[in-house]
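Structure data follow from upload03.pdb (PDB, C-alpha atoms):
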ATOM      1  CA  MET O  20       3.740  25.876  54.391
ATOM      2  CA  PHE O  21       2.576  28.242  51.663
ATOM      3  CA  PHE O  22       5.912  27.936  49.878
ATOM      4  CA  LYS O  23       5.780  24.143  50.130
ATOM      5  CA  LEU O  24       2.331  24.131  48.553
ATOM      6  CA  LEU O  25       3.445  26.570  45.865
ATOM      7  CA  SER O  26       6.511  24.461  45.073
ATOM      8  CA  ALA O  27       4.400  21.309  44.902
ATOM      9  CA  GLY O  28       1.953  23.078  42.582
ATOM     10  CA  ILE O  29       4.714  24.295  40.283
ATOM     11  CA  LEU O  30       6.270  20.825  40.238
ATOM     12  CA  ALA O  31       2.926  19.194  39.408
ATOM     13  CA  ALA O  32       2.288  21.728  36.638
ATOM     14  CA  SER O  33       5.764  21.142  35.206
ATOM     15  CA  LEU O  34       5.282  17.389  35.193
ATOM     16  CA  ALA O  35       1.885  17.695  33.536
ATOM     17  CA  SER O  36       3.328  20.017  30.939
ATOM     18  CA  ALA O  37       6.187  17.648  30.224
ATOM     19  CA  GLN O  38       3.809  14.710  29.829
ATOM     20  CA  TRP O  39       1.323  16.429  27.556
ATOM     21  CA  GLY O  40       3.858  18.327  25.596
ATOM     22  CA  GLY O  41       6.176  15.435  24.971
ATOM     23  CA  ARG O  42       9.201  17.434  24.038
ATOM     24  CA  GLY O  43       8.284  20.397  26.141
ATOM     25  CA  ALA O  44       6.681  23.681  25.378
ATOM     26  CA  GLY O  45       9.305  24.621  22.873
ATOM     27  CA  ALA O  46       8.471  21.770  20.546
ATOM     28  CA  THR O  47       5.958  23.688  18.527
ATOM     29  CA  GLY O  48       5.893  27.034  20.173
ATOM     30  CA  SER O  49       2.114  27.016  19.873
ATOM     31  CA  GLY O  50       1.606  26.729  23.591
ATOM     32  CA  ASP O  51      -1.269  24.266  23.249
ATOM     33  CA  MET O  52      -1.496  21.564  25.861
ATOM     34  CA  SER O  53      -2.885  18.801  23.730
ATOM     35  CA  PRO O  54      -0.935  15.556  23.373
ATOM     36  CA  ARG O  55       1.440  15.875  20.448
ATOM     37  CA  ARG O  56       1.753  13.311  17.725
ATOM     38  CA  GLU O  57       5.204  12.396  16.597
ATOM     39  CA  GLN O  58       5.602  13.580  13.029
ATOM     40  CA  PRO O  59       7.166  11.124  10.605
ATOM     41  CA  THR O  60      10.645  12.392   9.955
ATOM     42  CA  GLN O  61      12.256   9.310   8.501
ATOM     43  CA  THR O  62      12.050   9.162   4.737
ATOM     44  CA  ARG O  63      11.948   5.985   2.688
ATOM     45  CA  MET O  64      15.508   6.720   1.650
ATOM     46  CA  ASP O  65      16.514   6.778   5.308
ATOM     47  CA  ARG O  66      14.826   3.432   5.860
ATOM     48  CA  ILE O  67      16.380   1.857   2.813
ATOM     49  CA  THR O  68      19.779   3.221   3.775
ATOM     50  CA  ALA O  69      19.482   1.752   7.258
ATOM     51  CA  MET O  70      18.063  -1.550   6.077
ATOM     52  CA  LEU O  71      20.705  -2.154   3.422
ATOM     53  CA  THR O  72      23.502  -0.312   5.278
ATOM     54  CA  LEU O  73      24.246   1.770   2.207
ATOM     55  CA  ASP O  74      27.339   3.916   2.017
ATOM     56  CA  SER O  75      27.033   7.446   0.669
ATOM     57  CA  GLU O  76      27.857   6.483  -2.907
ATOM     58  CA  GLN O  77      25.319   3.646  -2.887
ATOM     59  CA  ARG O  78      22.750   5.915  -1.302
ATOM     60  CA  LYS O  79      23.101   8.310  -4.201
ATOM     61  CA  GLN O  80      22.856   5.482  -6.720
ATOM     62  CA  VAL O  81      19.724   4.090  -5.079
ATOM     63  CA  LYS O  82      18.131   7.520  -4.923
ATOM     64  CA  ASP O  83      18.857   8.094  -8.621
ATOM     65  CA  ILE O  84      17.326   4.719  -9.499
ATOM     66  CA  LEU O  85      14.174   5.434  -7.528
ATOM     67  CA  ASP O  86      13.881   8.988  -8.848
ATOM     68  CA  TYR O  87      14.093   7.588 -12.356
ATOM     69  CA  GLY O  88      11.487   4.934 -11.497
ATOM     70  CA  GLN O  89       9.192   7.644 -10.162
ATOM     71  CA  LYS O  90       9.381   9.517 -13.454
ATOM     72  CA  ALA O  91       8.730   6.375 -15.465
ATOM     73  CA  ALA O  92       5.792   5.508 -13.222
ATOM     74  CA  ALA O  93       4.047   8.902 -13.403
ATOM     75  CA  PRO O  94       1.995   8.348 -16.587
ATOM     76  CA  VAL O  95       1.109   4.807 -15.544
ATOM     77  CA  ARG O  96      -0.056   6.037 -12.161
ATOM     78  CA  ASP O  97      -2.369   8.596 -13.729
ATOM     79  CA  GLN O  98      -3.813   6.028 -16.105
ATOM     80  CA  LEU O  99      -4.394   3.573 -13.280
ATOM     81  CA  VAL O 100      -6.549   6.097 -11.493
ATOM     82  CA  ALA O 101      -8.537   6.802 -14.662
ATOM     83  CA  VAL O 102      -8.986   3.153 -15.583
ATOM     84  CA  GLN O 103     -10.078   2.274 -12.089
ATOM     85  CA  LEU O 104     -12.818   4.872 -12.379
ATOM     86  CA  GLY O 105     -13.702   3.340 -15.738
ATOM     87  CA  ILE O 106     -14.224  -0.059 -14.105
ATOM     88  CA  ALA O 107     -16.570   1.466 -11.559
ATOM     89  CA  GLU O 108     -18.500   3.338 -14.226
ATOM     90  CA  ALA O 109     -18.912   0.202 -16.316
ATOM     91  CA  VAL O 110     -20.140  -1.802 -13.337
ATOM     92  CA  GLN O 111     -22.532   0.884 -12.187
ATOM     93  CA  ALA O 112     -23.906   1.340 -15.677
ATOM     94  CA  GLY O 113     -24.705  -2.365 -15.760
ATOM     95  CA  LYS O 114     -22.424  -3.088 -18.709
ATOM     96  CA  SER O 115     -21.953  -6.682 -19.857
ATOM     97  CA  GLN O 116     -19.330  -8.948 -18.282
ATOM     98  CA  ASP O 117     -17.350  -8.716 -21.513
ATOM     99  CA  GLU O 118     -17.245  -4.949 -21.335
ATOM    100  CA  ILE O 119     -16.364  -4.955 -17.668
ATOM    101  CA  GLY O 120     -13.726  -7.566 -18.449
ATOM    102  CA  LYS O 121     -12.123  -5.181 -20.937
ATOM    103  CA  THR O 122     -11.772  -2.525 -18.264
ATOM    104  CA  THR O 123     -10.321  -4.943 -15.692
ATOM    105  CA  ASP O 124      -7.893  -6.227 -18.341
ATOM    106  CA  ALA O 125      -6.840  -2.660 -19.094
ATOM    107  CA  TYR O 126      -6.317  -2.087 -15.409
ATOM    108  CA  ALA O 127      -4.314  -5.301 -15.074
ATOM    109  CA  ALA O 128      -2.065  -4.288 -17.967
ATOM    110  CA  LEU O 129      -1.276  -1.004 -16.240
ATOM    111  CA  ASP O 130      -0.840  -2.713 -12.889
ATOM    112  CA  THR O 131       1.664  -5.035 -14.556
ATOM    113  CA  GLN O 132       3.508  -2.085 -16.085
ATOM    114  CA  MET O 133       3.737  -0.459 -12.688
ATOM    115  CA  THR O 134       4.905  -3.686 -11.087
ATOM    116  CA  THR O 135       7.561  -4.058 -13.750
ATOM    117  CA  ILE O 136       8.804  -0.521 -13.110
ATOM    118  CA  GLU O 137       8.971  -1.224  -9.381
ATOM    119  CA  LEU O 138      10.799  -4.508  -9.847
ATOM    120  CA  ARG O 139      13.190  -3.198 -12.485
ATOM    121  CA  SER O 140      14.159  -0.551  -9.964
ATOM    122  CA  LEU O 141      14.676  -3.321  -7.414
ATOM    123  CA  ALA O 142      16.866  -5.207  -9.883
ATOM    124  CA  GLN O 143      18.929  -2.089 -10.562
ATOM    125  CA  ILE O 144      19.353  -1.494  -6.863
ATOM    126  CA  SER O 145      20.514  -5.069  -6.382
ATOM    127  CA  GLN O 146      23.340  -4.393  -8.829
ATOM    128  CA  ALA O 147      24.548  -1.517  -6.707
ATOM    129  CA  LEU O 148      24.822  -3.680  -3.604
ATOM    130  CA  ARG O 149      27.708  -5.643  -2.211
ATOM    131  CA  GLN O 150      27.276  -9.349  -1.622
ATOM    132  CA  GLU O 151      26.581  -9.062   2.091
ATOM    133  CA  GLN O 152      23.938  -6.423   1.391
ATOM    134  CA  GLN O 153      22.171  -8.628  -1.143
ATOM    135  CA  ALA O 154      20.867 -10.848   1.642
ATOM    136  CA  LYS O 155      18.703  -7.977   2.835
ATOM    137  CA  LEU O 156      17.101  -7.449  -0.538
ATOM    138  CA  GLY O 157      14.023  -9.394   0.552
ATOM    139  CA  GLY O 158      13.006  -6.543   2.820
ATOM    140  CA  LEU O 159      13.309  -4.112  -0.059
ATOM    141  CA  PHE O 160      11.196  -6.398  -2.224
ATOM    142  CA  TRP O 161       8.231  -5.746   0.079
ATOM    143  CA  MET O 162       8.972  -2.054   0.302
ATOM    144  CA  MET O 163       8.911  -1.665  -3.463
ATOM    145  CA  ARG O 164       5.240  -2.498  -3.838
ATOM    146  CA  GLY O 165       3.336   0.700  -4.440
ATOM    147  CA  ILE O 166       6.467   2.791  -3.877
ATOM    148  CA  PHE O 167       5.599   5.048  -6.820
ATOM    149  CA  LYS O 168       1.907   5.398  -6.049
ATOM    150  CA  ASN O 169       2.341   8.938  -4.776
ATOM    151  CA  LYS O 170       4.101  11.801  -6.473
ATOM    152  CA  ASN O 171       7.191  11.527  -4.312
ATOM    153  CA  TRP O 172       8.412   8.082  -3.334
ATOM    154  CA  ASN O 173      10.655   9.633  -0.697
ATOM    155  CA  ASP O 174       8.003  11.622   1.119
ATOM    156  CA  ALA O 175       8.330  11.062   4.863
ATOM    157  CA  GLY O 176       4.571  11.393   5.194
ATOM    158  CA  GLY O 177       4.111   8.392   2.939
ATOM    159  CA  TRP O 178       4.791   5.963   5.781
TER     160      TRP O 178
ATOM    161  CA  MET D  19      24.605 -17.083  -6.344
ATOM    162  CA  LEU D  20      22.822 -13.766  -6.492
ATOM    163  CA  SER D  21      19.481 -15.425  -7.108
ATOM    164  CA  LYS D  22      20.045 -17.763  -4.206
ATOM    165  CA  VAL D  23      20.837 -14.906  -1.883
ATOM    166  CA  LEU D  24      17.786 -13.051  -3.087
ATOM    167  CA  ILE D  25      15.547 -16.027  -2.613
ATOM    168  CA  VAL D  26      16.853 -16.555   0.910
ATOM    169  CA  GLY D  27      16.250 -12.896   1.677
ATOM    170  CA  MET D  28      12.774 -12.991   0.225
ATOM    171  CA  LEU D  29      11.927 -16.150   2.047
ATOM    172  CA  THR D  30      13.048 -14.589   5.292
ATOM    173  CA  ALA D  31      10.883 -11.564   4.645
ATOM    174  CA  ALA D  32       7.994 -13.734   3.510
ATOM    175  CA  MET D  33       8.237 -15.820   6.641
ATOM    176  CA  ALA D  34       8.371 -12.759   8.830
ATOM    177  CA  PHE D  35       5.274 -11.532   7.073
ATOM    178  CA  ALA D  36       3.455 -14.830   7.455
ATOM    179  CA  GLN D  37       4.416 -15.349  11.063
ATOM    180  CA  GLY D  38       3.832 -12.047  12.651
ATOM    181  CA  GLY D  39       3.945  -9.324  10.145
ATOM    182  CA  TRP D  40       1.426  -7.353   8.251
ATOM    183  CA  GLY D  41      -1.018 -10.148   7.587
ATOM    184  CA  LYS D  42      -1.251 -11.060  11.221
ATOM    185  CA  ARG D  43      -2.074  -7.534  12.207
ATOM    186  CA  ASN D  44      -5.438  -7.995  10.567
ATOM    187  CA  GLU D  45      -6.297 -10.617  13.105
ATOM    188  CA  ASP D  46      -5.178  -8.625  16.074
ATOM    189  CA  PRO D  47      -8.310  -7.095  17.533
ATOM    190  CA  SER D  48      -6.259  -4.461  19.302
ATOM    191  CA  GLY D  49      -4.043  -3.776  16.325
ATOM    192  CA  GLY D  50      -3.901  -0.702  14.192
ATOM    193  CA  MET D  51      -4.928  -2.532  11.023
ATOM    194  CA  MET D  52      -8.260  -3.577  12.455
ATOM    195  CA  ALA D  53      -8.961  -0.085  13.701
ATOM    196  CA  GLN D  54      -7.874   1.397  10.406
ATOM    197  CA  ARG D  55     -10.105  -0.968   8.463
ATOM    198  CA  GLN D  56     -13.017  -0.014  10.692
ATOM    199  CA  SER D  57     -12.256   3.633  10.145
ATOM    200  CA  GLN D  58     -12.108   3.131   6.373
ATOM    201  CA  LEU D  59     -15.391   1.290   6.541
ATOM    202  CA  ASP D  60     -16.910   4.219   8.431
ATOM    203  CA  GLN D  61     -15.488   6.544   5.810
ATOM    204  CA  PHE D  62     -16.970   4.451   3.020
ATOM    205  CA  ALA D  63     -20.362   4.333   4.744
ATOM    206  CA  ASP D  64     -20.281   8.078   5.379
ATOM    207  CA  LYS D  65     -19.371   8.949   1.821
ATOM    208  CA  LEU D  66     -22.212   6.886   0.425
ATOM    209  CA  LYS D  67     -24.532   7.889   3.273
ATOM    210  CA  LEU D  68     -25.353   4.269   3.972
ATOM    211  CA  ASN D  69     -27.958   3.494   6.595
ATOM    212  CA  LYS D  70     -27.261   0.849   9.236
ATOM    213  CA  GLU D  71     -28.758  -1.957   7.231
ATOM    214  CA  GLN D  72     -26.931  -0.990   4.048
ATOM    215  CA  ARG D  73     -23.694  -0.669   5.939
ATOM    216  CA  ALA D  74     -24.044  -4.154   7.410
ATOM    217  CA  GLN D  75     -24.831  -5.580   3.990
ATOM    218  CA  ALA D  76     -21.921  -3.747   2.399
ATOM    219  CA  GLU D  77     -19.606  -5.059   5.090
ATOM    220  CA  THR D  78     -20.779  -8.619   4.446
ATOM    221  CA  ILE D  79     -20.171  -8.194   0.716
ATOM    222  CA  MET D  80     -16.700  -6.790   1.294
ATOM    223  CA  ASP D  81     -15.806  -9.492   3.795
ATOM    224  CA  ALA D  82     -16.789 -12.173   1.308
ATOM    225  CA  ALA D  83     -14.801 -10.448  -1.435
ATOM    226  CA  ARG D  84     -11.853 -10.134   0.862
ATOM    227  CA  GLU D  85     -11.951 -13.830   1.622
ATOM    228  CA  ALA D  86     -12.144 -14.655  -2.065
ATOM    229  CA  MET D  87      -9.278 -12.257  -2.690
ATOM    230  CA  GLY D  88      -6.874 -14.093  -0.363
ATOM    231  CA  PRO D  89      -5.808 -16.908  -2.713
ATOM    232  CA  ALA D  90      -5.726 -14.550  -5.701
ATOM    233  CA  GLN D  91      -3.422 -12.194  -3.829
ATOM    234  CA  GLN D  92      -1.160 -15.013  -2.704
ATOM    235  CA  LYS D  93      -0.736 -16.005  -6.346
ATOM    236  CA  LEU D  94       0.032 -12.400  -7.198
ATOM    237  CA  ILE D  95       2.723 -12.324  -4.531
ATOM    238  CA  GLU D  96       4.266 -15.448  -6.022
ATOM    239  CA  ALA D  97       4.082 -13.992  -9.519
ATOM    240  CA  ARG D  98       5.723 -10.820  -8.257
ATOM    241  CA  LYS D  99       8.513 -12.775  -6.575
ATOM    242  CA  ASN D 100       9.130 -14.761  -9.747
ATOM    243  CA  LEU D 101       9.256 -11.613 -11.818
ATOM    244  CA  ALA D 102      11.661  -9.967  -9.371
ATOM    245  CA  ALA D 103      13.949 -13.001  -9.395
ATOM    246  CA  ALA D 104      13.903 -13.080 -13.196
ATOM    247  CA  LEU D 105      14.721  -9.381 -13.526
ATOM    248  CA  ILE D 106      17.507  -9.606 -10.978
ATOM    249  CA  GLY D 107      18.818 -12.802 -12.491
ATOM    250  CA  GLY D 108      18.933 -11.199 -15.951
ATOM    251  CA  LYS D 109      16.572 -13.706 -17.562
ATOM    252  CA  SER D 110      15.686 -13.419 -21.245
ATOM    253  CA  ALA D 111      13.032 -11.068 -22.580
ATOM    254  CA  ASP D 112      10.895 -14.098 -23.419
ATOM    255  CA  ASP D 113      11.012 -15.311 -19.844
ATOM    256  CA  ILE D 114      10.164 -11.875 -18.521
ATOM    257  CA  ASP D 115       7.319 -11.617 -20.998
ATOM    258  CA  LYS D 116       5.819 -14.908 -19.821
ATOM    259  CA  LEU D 117       6.033 -13.819 -16.214
ATOM    260  CA  THR D 118       4.454 -10.441 -16.856
ATOM    261  CA  LYS D 119       1.610 -12.143 -18.731
ATOM    262  CA  THR D 120       1.027 -14.418 -15.776
ATOM    263  CA  TYR D 121       1.034 -11.425 -13.457
ATOM    264  CA  ALA D 122      -1.391  -9.502 -15.675
ATOM    265  CA  SER D 123      -3.800 -12.420 -15.783
ATOM    266  CA  LEU D 124      -3.797 -12.753 -11.998
ATOM    267  CA  SER D 125      -4.165  -9.015 -11.559
ATOM    268  CA  ALA D 126      -7.216  -9.024 -13.840
ATOM    269  CA  GLN D 127      -8.768 -11.853 -11.825
ATOM    270  CA  ALA D 128      -8.256  -9.941  -8.603
ATOM    271  CA  LYS D 129      -9.753  -6.781 -10.076
ATOM    272  CA  GLU D 130     -12.761  -8.737 -11.317
ATOM    273  CA  LEU D 131     -13.453  -9.858  -7.770
ATOM    274  CA  GLU D 132     -13.513  -6.242  -6.707
ATOM    275  CA  ALA D 133     -15.704  -5.252  -9.617
ATOM    276  CA  ASN D 134     -18.200  -7.971  -8.676
ATOM    277  CA  ALA D 135     -18.282  -6.801  -5.081
ATOM    278  CA  PHE D 136     -18.754  -3.245  -6.247
ATOM    279  CA  GLY D 137     -21.680  -4.320  -8.422
ATOM    280  CA  LYS D 138     -23.341  -5.900  -5.406
ATOM    281  CA  ILE D 139     -22.826  -2.770  -3.357
ATOM    282  CA  CYS D 140     -24.229  -0.600  -6.145
ATOM    283  CA  ALA D 141     -27.324  -2.787  -6.105
ATOM    284  CA  LEU D 142     -27.868  -1.889  -2.451
ATOM    285  CA  LEU D 143     -27.871   1.822  -3.090
ATOM    286  CA  LYS D 144     -30.855   4.069  -3.439
ATOM    287  CA  PRO D 145     -30.975   6.367  -6.482
ATOM    288  CA  ASN D 146     -29.758   9.369  -4.480
ATOM    289  CA  GLN D 147     -26.729   7.388  -3.267
ATOM    290  CA  GLN D 148     -25.710   6.089  -6.686
ATOM    291  CA  SER D 149     -24.014   9.291  -7.804
ATOM    292  CA  LYS D 150     -21.249   8.895  -5.237
ATOM    293  CA  ALA D 151     -20.581   5.234  -5.859
ATOM    294  CA  VAL D 152     -18.050   5.482  -8.700
ATOM    295  CA  GLN D 153     -15.699   7.831  -6.906
ATOM    296  CA  ASN D 154     -15.661   5.493  -3.917
ATOM    297  CA  PHE D 155     -14.793   2.330  -5.802
ATOM    298  CA  ALA D 156     -11.133   2.869  -4.967
ATOM    299  CA  LEU D 157     -11.927   3.050  -1.283
ATOM    300  CA  MET D 158     -13.948  -0.135  -1.488
ATOM    301  CA  ALA D 159     -11.136  -1.859  -3.358
ATOM    302  CA  GLN D 160      -8.782  -0.726  -0.647
ATOM    303  CA  LEU D 161     -11.015  -2.304   2.002
ATOM    304  CA  VAL D 162     -11.226  -5.556   0.073
ATOM    305  CA  GLU D 163      -7.489  -5.697  -0.505
ATOM    306  CA  SER D 164      -6.203  -4.390   2.803
ATOM    307  CA  GLY D 165      -3.335  -6.442   4.127
ATOM    308  CA  GLN D 166      -3.640  -9.018   1.372
ATOM    309  CA  MET D 167      -0.498  -8.246  -0.556
ATOM    310  CA  GLY D 168       1.773  -8.131   2.397
ATOM    311  CA  ALA D 169       2.053  -4.393   2.477
ATOM    312  CA  PRO D 170       1.199  -2.535   5.633
ATOM    313  CA  SER D 171      -1.986  -0.780   4.774
ATOM    314  CA  GLY D 172      -1.071   2.208   6.863
ATOM    315  CA  GLY D 173       2.113   2.757   5.048
ATOM    316  CA  GLY D 174       3.750   3.814   1.892
ATOM    317  CA  GLN D 175       3.619   0.385   0.352
ATOM    318  CA  ARG D 176      -0.081   0.590   0.037
ATOM    319  CA  GLY D 177      -0.958   0.016  -3.516
ATOM    320  CA  GLN D 178      -4.421   1.321  -4.110
ATOM    321  CA  TRP D 179      -4.510   3.791  -6.963
ATOM    322  CA  SER D 180      -7.103   5.859  -5.335
ATOM    323  CA  GLY D 181      -6.364   9.194  -6.856
ATOM    324  CA  GLY D 182      -5.654  10.948  -3.616
ATOM    325  CA  GLN D 183      -7.943   9.074  -1.309
ATOM    326  CA  GLY D 184      -5.109   7.808   0.777
ATOM    327  CA  GLY D 185      -4.343   4.547  -0.916
ATOM    328  CA  GLY D 186      -4.100   1.023   0.364
ATOM    329  CA  GLY D 187      -4.294  -2.551  -0.730
ATOM    330  CA  ARG D 188      -3.041  -3.885  -3.981
ATOM    331  CA  ARG D 189      -3.456  -1.089  -6.475
TER     332      ARG D 189
END

Show this structure as structure tokens.
Amino acid sequence: MFFKLLSAGILAASLASAQWGGRGAGATGSGDMSPRREQPTQTRMDRITAMLTLDSEQRKQVKDILDYGQKAAAPVRDQLVAVQLGIAEAVQAGKSQDEIGKTTDAYAALDTQMTTIELRSLAQISQALRQEQQAKLGGLFWMMRGIFKNKNWNDAGGW
Amino acid sequence: MLSKVLIVGMLTAAMAFAQGGWGKRNEDPSGGMMAQRQSQLDQFADKLKLNKEQRAQAETIMDAAREAMGPAQQKLIEARKNLAAALIGGKSADDIDKLTKTYASLSAQAKELEANAFGKICALLKPNQQSKAVQNFALMAQLVESGQMGAPSGGGQRGQWSGGQGGGGRR
């Protein structure tokens, strides 16, 4: 009877451990019993590769295009942050509509530059695709918006 | 041919978005977008140390701005699609220039809406809360824009140029 109870206890503990730990105790090695969150492991490049069914050569081309876009976008990104603060400062300081308008226009010009960088990258990618892959370009169109807003477009944590 | 294929692809994506995609998630009371928006609102209220009344007023202002932002953002999406099609289709520099000017004008209109909302929120603040307002404009803009441009606000397509505040919305 004792052994039956012991076995049942061990089984229950094992099941609880498996449920809380997700991938088991070895997943992190930390030994904590809290529910574990799945970490994002798929990068944008992985998603784009899967979505467009890129071969290895195309994958490299697409990565090069996006890396180049990231570099081109860096100064624009920094200015966007600064100009956005400028809008807020102008509004809070009670500046005239004309003055606030100048800051929103400046922001819009930078936003347009960033959009152009994103879409030029999209256009370059489209040239690297075969005809049957082109049909899936619509999905990439949506993915391109804000793709360079962080320092690394391919950061898995960006999703 | 290429343009046609692109347009078909974009239409498919646009339809998916309109029918059940990112935009719809805003309306789903159990969805992540709603919860995320609420959490961002909490964050905004915390950062500015808004009291209950101020928070409710700020939420009303942002909701109104968000509603006003809808048509502006739809036009921006169209402008973006047109620009993408022109760049892919190898249109002339003049054509591209016209399209970027259209985009810039729409972008400025959208940003003005946010600036107006921000002005109203600033007016709610007590002197000791004012100092934190500017640095939280990006977060407010994110709340106003969330889900409007078709990008999932929890994801990498978020556009808000928030300088490290997590991003979201248009830019």

Review point. Where does the PyMOL selection byres ((chain O) within 9 of (chain D)) land in this file, that is, which residues does it pick, as a ChimeraX atom specification?
Key: /O:63,96-97,99-101,103-108,110-111,113,119-120,123-132,134-135,138-139,141-143,145-146,150,153-169,172,174,176-178

Review point. What is the atom CA of O:Thr62-atom CA of O:Asn173 distance in Å, reported with one decimal?
Key: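 Taking atom CA of O:Thr62 and atom CA of O:Asn173, their separation equals 5.6 Å.
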
Review point. Applied to the shown file, which residues does the PyMOL selection byres ((chain D and resi 72) around 12) return, written as a list in words?
Key: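 Written out, the selection comes to Phe62, Ala63, Asp64, Leu66, Lys67, Leu68, Asn69, Lys70, Glu71, Arg73, Ala74, Gln75, Ala76, Glu77, Thr78, Ile79, Lys138, Ile139, Cys140, Ala141, Leu142, Leu143, Lys144 and Gln147 of chain D.
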
Check your understanding: Any chance you could work out the residue set of the PyMOL selection byres ((chain O and resi 88) around 10) here, as a list in words?
Key -> Lys82, Asp83, Ile84, Leu85, Asp86, Tyr87, Gln89, Lys90, Ala91, Ala92, Ala93, Met133, Ile136, Glu137, Leu138, Arg139, Ser140, Leu141, Ile166, Phe167 and Trp172 of chain O

Writing out the chosen residues with C-alpha atoms as a PDB file, in the frame of the given file:
ATOM      1  CA  LYS O  82      18.131   7.520  -4.923  1.00  0.00           C
ATOM      2  CA  ASP O  83      18.857   8.094  -8.621  1.00  0.00           C
ATOM      3  CA  ILE O  84      17.326   4.719  -9.499  1.00  0.00           C
ATOM      4  CA  LEU O  85      14.174   5.434  -7.528  1.00  0.00           C
ATOM      5  CA  ASP O  86      13.881   8.988  -8.848  1.00  0.00           C
ATOM      6  CA  TYR O  87      14.093   7.588 -12.356  1.00  0.00           C
ATOM      7  CA  GLN O  89       9.192   7.644 -10.162  1.00  0.00           C
ATOM      8  CA  LYS O  90       9.381   9.517 -13.454  1.00  0.00           C
ATOM      9  CA  ALA O  91       8.730   6.375 -15.465  1.00  0.00           C
ATOM     10  CA  ALA O  92       5.792   5.508 -13.222  1.00  0.00           C
ATOM     11  CA  ALA O  93       4.047   8.902 -13.403  1.00  0.00           C
ATOM     12  CA  MET O 133       3.737  -0.459 -12.688  1.00  0.00           C
ATOM     13  CA  ILE O 136       8.804  -0.521 -13.110  1.00  0.00           C
ATOM     14  CA  GLU O 137       8.971  -1.224  -9.381  1.00  0.00           C
ATOM     15  CA  LEU O 138      10.799  -4.508  -9.847  1.00  0.00           C
ATOM     16  CA  ARG O 139      13.190  -3.198 -12.485  1.00  0.00           C
ATOM     17  CA  SER O 140      14.159  -0.551  -9.964  1.00  0.00           C
ATOM     18  CA  LEU O 141      14.676  -3.321  -7.414  1.00  0.00           C
ATOM     19  CA  ILE O 166       6.467   2.791  -3.877  1.00  0.00           C
ATOM     20  CA  PHE O 167       5.599   5.048  -6.820  1.00  0.00           C
ATOM     21  CA  TRP O 172       8.412   8.082  -3.334  1.00  0.00           C
TER      22      TRP O 172
END

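Counting all atoms listed in the file and comparing D:Ala90, D:Met80, D:Met52, D:Asn100, the residue that lies closest to D:Asp113 is D:Asn100.
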
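Between atom CA of D:Ala82 and atom CA of D:Leu161 lies a distance of 11.5 Å.
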
**Study point:** Who sits within 7 Å of D:Val162, all atoms listed in the file, same chain under 4 positions skipped, as a list in words
**Key:**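 So the residues in contact are Met80, Ala83, Arg84 and Met158 of chain D.
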
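Between atom CA of D:Pro145 and atom CA of D:Leu157 the separation is 20.0 Å.
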